Every structure is written in structure tokens, then in C-alpha cells.
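Listing of structure10.txt, compact mmCIF, C-alpha atoms
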```
# COMPACT_ATOMS: atom_id res chain seq x y z
CA MET H 364 9.22 8.13 -10.23
CA PHE H 365 8.74 10.58 -7.35
CA GLU H 366 10.69 11.14 -4.12
CA THR H 367 7.69 11.85 -1.90
CA VAL H 368 3.97 11.21 -1.81
CA GLU H 369 3.26 14.95 -1.93
CA ASP H 370 5.40 15.20 -5.08
CA ILE H 371 3.03 12.78 -6.82
CA PHE H 372 -0.09 14.83 -6.20
CA GLU H 373 1.58 18.28 -6.03
CA GLN H 374 -0.59 19.29 -3.08
CA PRO H 375 -0.52 18.82 0.68
CA VAL H 376 -1.57 15.42 2.01
CA LEU H 377 -4.26 15.87 4.64
CA THR H 378 -3.98 13.64 7.71
CA ASP H 379 -7.00 14.51 9.84
CA SER H 380 -9.15 11.54 8.74
CA GLY H 381 -6.62 9.20 7.19
CA PHE H 382 -4.41 10.27 4.30
CA SER H 383 -6.18 12.22 1.58
CA VAL H 384 -5.88 15.06 -0.91
CA MET H 385 -8.52 17.49 -2.12
CA ASP H 386 -10.49 16.21 -5.10
CA CYS H 387 -9.66 17.67 -8.52
CA GLN H 388 -6.77 19.81 -7.22
CA GLY H 389 -3.63 18.05 -8.48
CA PRO H 390 -2.24 17.19 -11.91
CA ARG H 391 -2.35 13.38 -11.49
CA SER H 392 -4.10 10.59 -9.61
CA VAL H 393 -1.32 7.97 -9.50
CA GLY H 394 2.45 7.81 -9.22
CA THR H 395 5.33 5.61 -8.03
CA ILE H 396 7.79 6.13 -5.18
CA ARG H 397 10.61 4.14 -3.73
CA PRO H 398 9.95 4.38 0.01
CA LYS H 399 12.81 5.39 2.28
CA SER H 400 11.80 2.54 4.60
CA ILE H 401 9.08 -0.03 5.11
CA GLN H 402 7.93 0.00 8.71
CA LYS H 403 5.52 -2.93 8.59
CA ILE H 404 2.77 -4.77 6.81
CA ILE H 405 -0.60 -5.00 8.54
CA TYR H 406 -2.71 -8.02 7.67
CA GLU H 407 -5.89 -8.30 9.72
CA SER H 408 -9.30 -9.87 9.57
CA GLY H 409 -11.77 -7.27 8.37
CA LEU H 410 -15.53 -7.00 8.22
CA GLU H 411 -17.70 -9.90 7.11
CA GLY H 412 -14.86 -12.39 6.73
CA THR H 413 -12.71 -10.20 4.47
CA TRP H 414 -9.05 -9.34 5.03
CA ASP H 415 -7.57 -5.87 5.41
CA TYR H 416 -4.10 -5.20 3.96
CA ARG H 417 -2.12 -2.08 4.89
CA ILE H 418 1.46 -0.91 4.71
CA GLU H 419 3.34 1.54 6.93
CA PHE H 420 6.28 3.28 5.28
CA LYS H 421 8.31 6.49 5.15
CA ASP H 422 8.78 8.39 1.92
CA GLY H 423 11.86 10.29 0.76
CA SER H 424 11.11 13.24 3.03
CA GLY H 425 10.72 11.00 6.07
CA ALA H 426 6.94 11.50 6.22
CA SER H 427 5.15 8.43 7.60
CA TYR H 428 2.14 6.83 5.94
CA ARG H 429 -0.19 3.96 6.72
CA LEU H 430 -2.14 3.15 3.56
CA LYS H 431 -4.60 0.50 2.46
CA ILE H 432 -3.22 -1.95 -0.12
CA THR H 433 -5.66 -2.51 -2.98
CA ASP H 434 -3.23 -4.47 -5.20
CA LEU H 435 -5.10 -7.69 -6.03
CA THR H 436 -1.89 -9.61 -6.68
CA TRP H 437 -0.65 -8.69 -3.18
CA HIS H 438 -3.97 -9.86 -1.70
CA TYR H 439 -3.78 -13.24 -3.42
CA PHE H 440 -0.11 -13.66 -2.55
CA CYS H 441 -0.73 -12.90 1.15
CA ASN H 442 -3.71 -15.24 1.21
CA SER H 443 -1.55 -18.02 -0.22
CA GLN H 444 1.12 -17.39 2.44
CA ARG H 445 -1.33 -17.25 5.35
CA GLY H 446 -1.64 -21.03 5.52
CA GLN H 447 2.11 -21.33 6.25
CA PHE H 448 1.86 -19.29 9.46
CA SER H 449 -0.10 -19.78 12.66
CA THR H 450 -1.58 -16.26 12.68
CA ALA H 451 -2.20 -13.34 10.36
CA GLU H 452 0.24 -11.35 12.53
CA SER H 453 3.05 -13.84 11.91
CA CYS H 454 2.25 -13.78 8.19
CA ALA H 455 2.40 -9.95 8.23
CA ALA H 456 5.76 -10.10 10.05
CA GLN H 457 7.11 -12.46 7.38
CA MET H 458 5.83 -10.18 4.58
CA THR H 459 7.56 -7.23 6.31
CA ARG H 460 10.87 -9.13 6.51
CA MET H 461 10.52 -10.15 2.87
CA LEU H 462 10.11 -6.51 1.79
CA HIS H 463 13.13 -5.47 3.88
CA ASP H 464 15.27 -7.78 1.72
CA ARG H 465 14.20 -6.19 -1.58
CA ASN H 466 14.13 -2.90 -3.43
CA VAL H 467 10.48 -1.85 -3.09
CA TYR H 468 8.45 0.48 -5.29
CA LEU H 469 4.92 1.52 -4.37
CA ARG H 470 2.33 2.73 -6.87
CA ILE H 471 0.14 5.14 -4.96
CA GLY H 472 -3.23 6.20 -6.28
CA LEU H 473 -6.44 7.83 -5.15
CA SER H 474 -9.81 6.47 -4.18
CA ARG H 475 -13.06 8.20 -4.94
CA GLY H 476 -14.55 10.46 -2.29
CA TRP H 477 -16.74 8.96 0.43
CA LYS H 478 -20.20 10.14 1.32
CA ILE H 479 -18.75 11.69 4.49
CA PHE H 480 -15.85 13.32 2.56
CA PRO H 481 -17.07 13.89 -1.01
CA ASP H 482 -14.42 16.58 -1.62
CA ARG H 483 -11.46 14.31 -0.83
CA CYS H 484 -9.65 11.40 -2.43
CA PHE H 485 -7.96 8.99 -0.05
CA LEU H 486 -4.52 7.57 -0.78
CA GLN H 487 -4.11 3.85 -1.40
CA VAL H 488 -1.34 1.52 -2.59
CA ASN H 489 -2.43 0.21 -5.99
CA GLY H 490 0.74 -1.78 -6.67
CA ILE H 491 3.73 -3.26 -4.87
CA HIS H 492 6.74 -4.03 -7.04
CA THR H 493 10.00 -5.49 -5.78
CA PHE H 494 13.44 -6.38 -7.10
CA PRO H 495 14.01 -9.25 -6.84
CA ASP H 496 10.38 -10.01 -7.65
CA TYR H 497 8.48 -11.23 -4.56
CA LEU H 498 6.26 -13.22 -6.94
CA ASP H 499 9.25 -15.12 -8.34
CA GLY H 500 7.91 -14.69 -11.88
CA LYS H 501 4.35 -15.75 -11.04
CA THR H 502 1.15 -13.72 -11.54
CA PHE H 503 -1.94 -13.32 -9.38
CA VAL H 504 -3.59 -16.23 -11.22
CA ASP H 505 -0.97 -18.56 -9.75
CA PHE H 506 -2.22 -17.64 -6.25
CA TYR H 507 -5.95 -17.49 -7.05
```
Represent the structure from my file as C-alpha cells, please.
Amino acid sequence: MFETVEDIFEQPVLTDSGFSVMDCQGPRSVGTIRPKSIQKIIYESGLEGTWDYRIEFKDGSGASYRLKITDLTWHYFCNSQRGQFSTAESCAAQMTRMLHDRNVYLRIGLSRGWKIFPDRCFLQVNGIHTFPDYLDGKTFVDFY
């Protein structure tokens, strides 16, 4: 486990067009941190009827990040919770409160470069793990 996001990739995190690192520069493409704090979950309607999931947090150095969540289990869990709340914003607020009550670990990985930025890999949250388990022993199939 790493203290900071930069410790994972052993290179500076660029912030000019989102959060990214230079392609093929670091020793690894994924690692786990325990964030210093969770600021909030963002859960919004995206393009073409999809949903966009993001998390704002601070790492061990106090650096702030807002990263896309690609964890499929998190997506299914949030979708299952959405029906209990009147808006996506209220669901996101509930997910934020839920994470504040748990020990949270984030698995942070890299995306492939985009056509606009072929020399960069953008940071994303590939896994959210909590103790106690926010899934209460269930798996993504239980929310599918």
C-alpha cells in the first residue's frame, strides 16, 4: 500500500488536463492507497443515458484528486441505491456519508492514452474497498 498517489507511479502527477502521468515512465500501472479524507462522491447523468461516477479525495500528502470511478461493482451498487433517493445528488451524498463511516482503500490505475493525449495515461479508481464492507458480503452480481 502507498501513502500518496505519486508514490504509486513514482513520477509527478500532471494536472493540466485532468490527472495523468506520462506513458511508460513509471514502474507500475496500479496501486492502493488509504486516502487521508474522502471529500465527496459525484454521481451524475452522463452522455447517452449513461452515469458518471467520480470521487474527490485527499491522499496522504494532502494533495486533492477528483478521479473517475471505473469499478463495476461500485457502479452496480450505486445504481441499486439510486431508486431509494429522489435525485442522483442525494444518492451521491448518501454514498459520501457511507464512506465517511468506514476505512476506505482506493485502487488507482491508469487508462490508456487518448487521441488528444497519446503520451499520457489518466488516473482512475479501479476499486473501492471498505472495512466494514459496503457490500455487506455481496458481489456485483447481487446488484446486477
Legend entry - Option closest in space to Trp437 in chain H, from H:Asp464, H:Glu452, H:Asp386, H:Asp505 [counting all atoms listed in the file]: H:Asp505
Inset, instruction - Scan for residues within 9 Å of the point (-1.0, -5.8, -2.7) in the coordinates of the file, using only C-alpha atoms, and reply as a list in words. - result: Tyr416, Arg417, Lys431, Ile432, Thr433, Asp434, Leu435, Thr436, Trp437, His438, Tyr439, Phe440, Cys441, Val488, Asn489, Gly490 and Ile491 of chain H
Inset, instruction - For Val467 in chain H, please output as a list in words all residues within 8 Å (counting all atoms listed in the file; exclusion window: fewer than 4 positions along the same chain). - result: Arg397, Pro398, Leu462, Ile491, His492, Thr493 and Phe494 of chain H
Okay, now the selection with C-alpha atoms, as an mmCIF file, in the frame of the given file?
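To be explicit, this is the file written out as out.cif:
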```cif
data_model
loop_
_atom_site.group_PDB
_atom_site.id
_atom_site.type_symbol
_atom_site.label_atom_id
_atom_site.label_comp_id
_atom_site.auth_asym_id
_atom_site.auth_seq_id
_atom_site.Cartn_x
_atom_site.Cartn_y
_atom_site.Cartn_z
ATOM 1 C CA ARG H 397 10.610 4.140 -3.730
ATOM 2 C CA PRO H 398 9.950 4.380 0.010
ATOM 3 C CA LEU H 462 10.110 -6.510 1.790
ATOM 4 C CA ILE H 491 3.730 -3.260 -4.870
ATOM 5 C CA HIS H 492 6.740 -4.030 -7.040
ATOM 6 C CA THR H 493 10.000 -5.490 -5.780
ATOM 7 C CA PHE H 494 13.440 -6.380 -7.100
#
```
Inset, instruction - Kindly give the distance, in Å, that separates CA of Leu498 in chain H and CA of Ile401 in chain H, rounded to a single decimal. - result: 18.1 Å
Inset, instruction - Point out the residue among H:Ile405, H:Cys484, H:Ile418, H:Ile371 with the least atom-to-atom distance to Ala451 in chain H, counting all atoms listed in the file. - result: H:Ile405
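Note that CA of Asp482 in chain H and CA of Met385 in chain H are 6.0 Å apart.
Distances to Asp496 in chain H were evaluated for H:Arg465, H:Lys421, H:Arg475, H:Lys399 using all atoms listed in the file, and the minimum falls at H:Arg465.
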Inset, instruction - Go ahead and find all residues with at least one atom no further than 12 Å from (14.6, 4.4, 7.7) in the file's coordinates, using only C-alpha atoms; report them as a PyMOL selection string. - result: chain H and resi 398-403+419-427+463
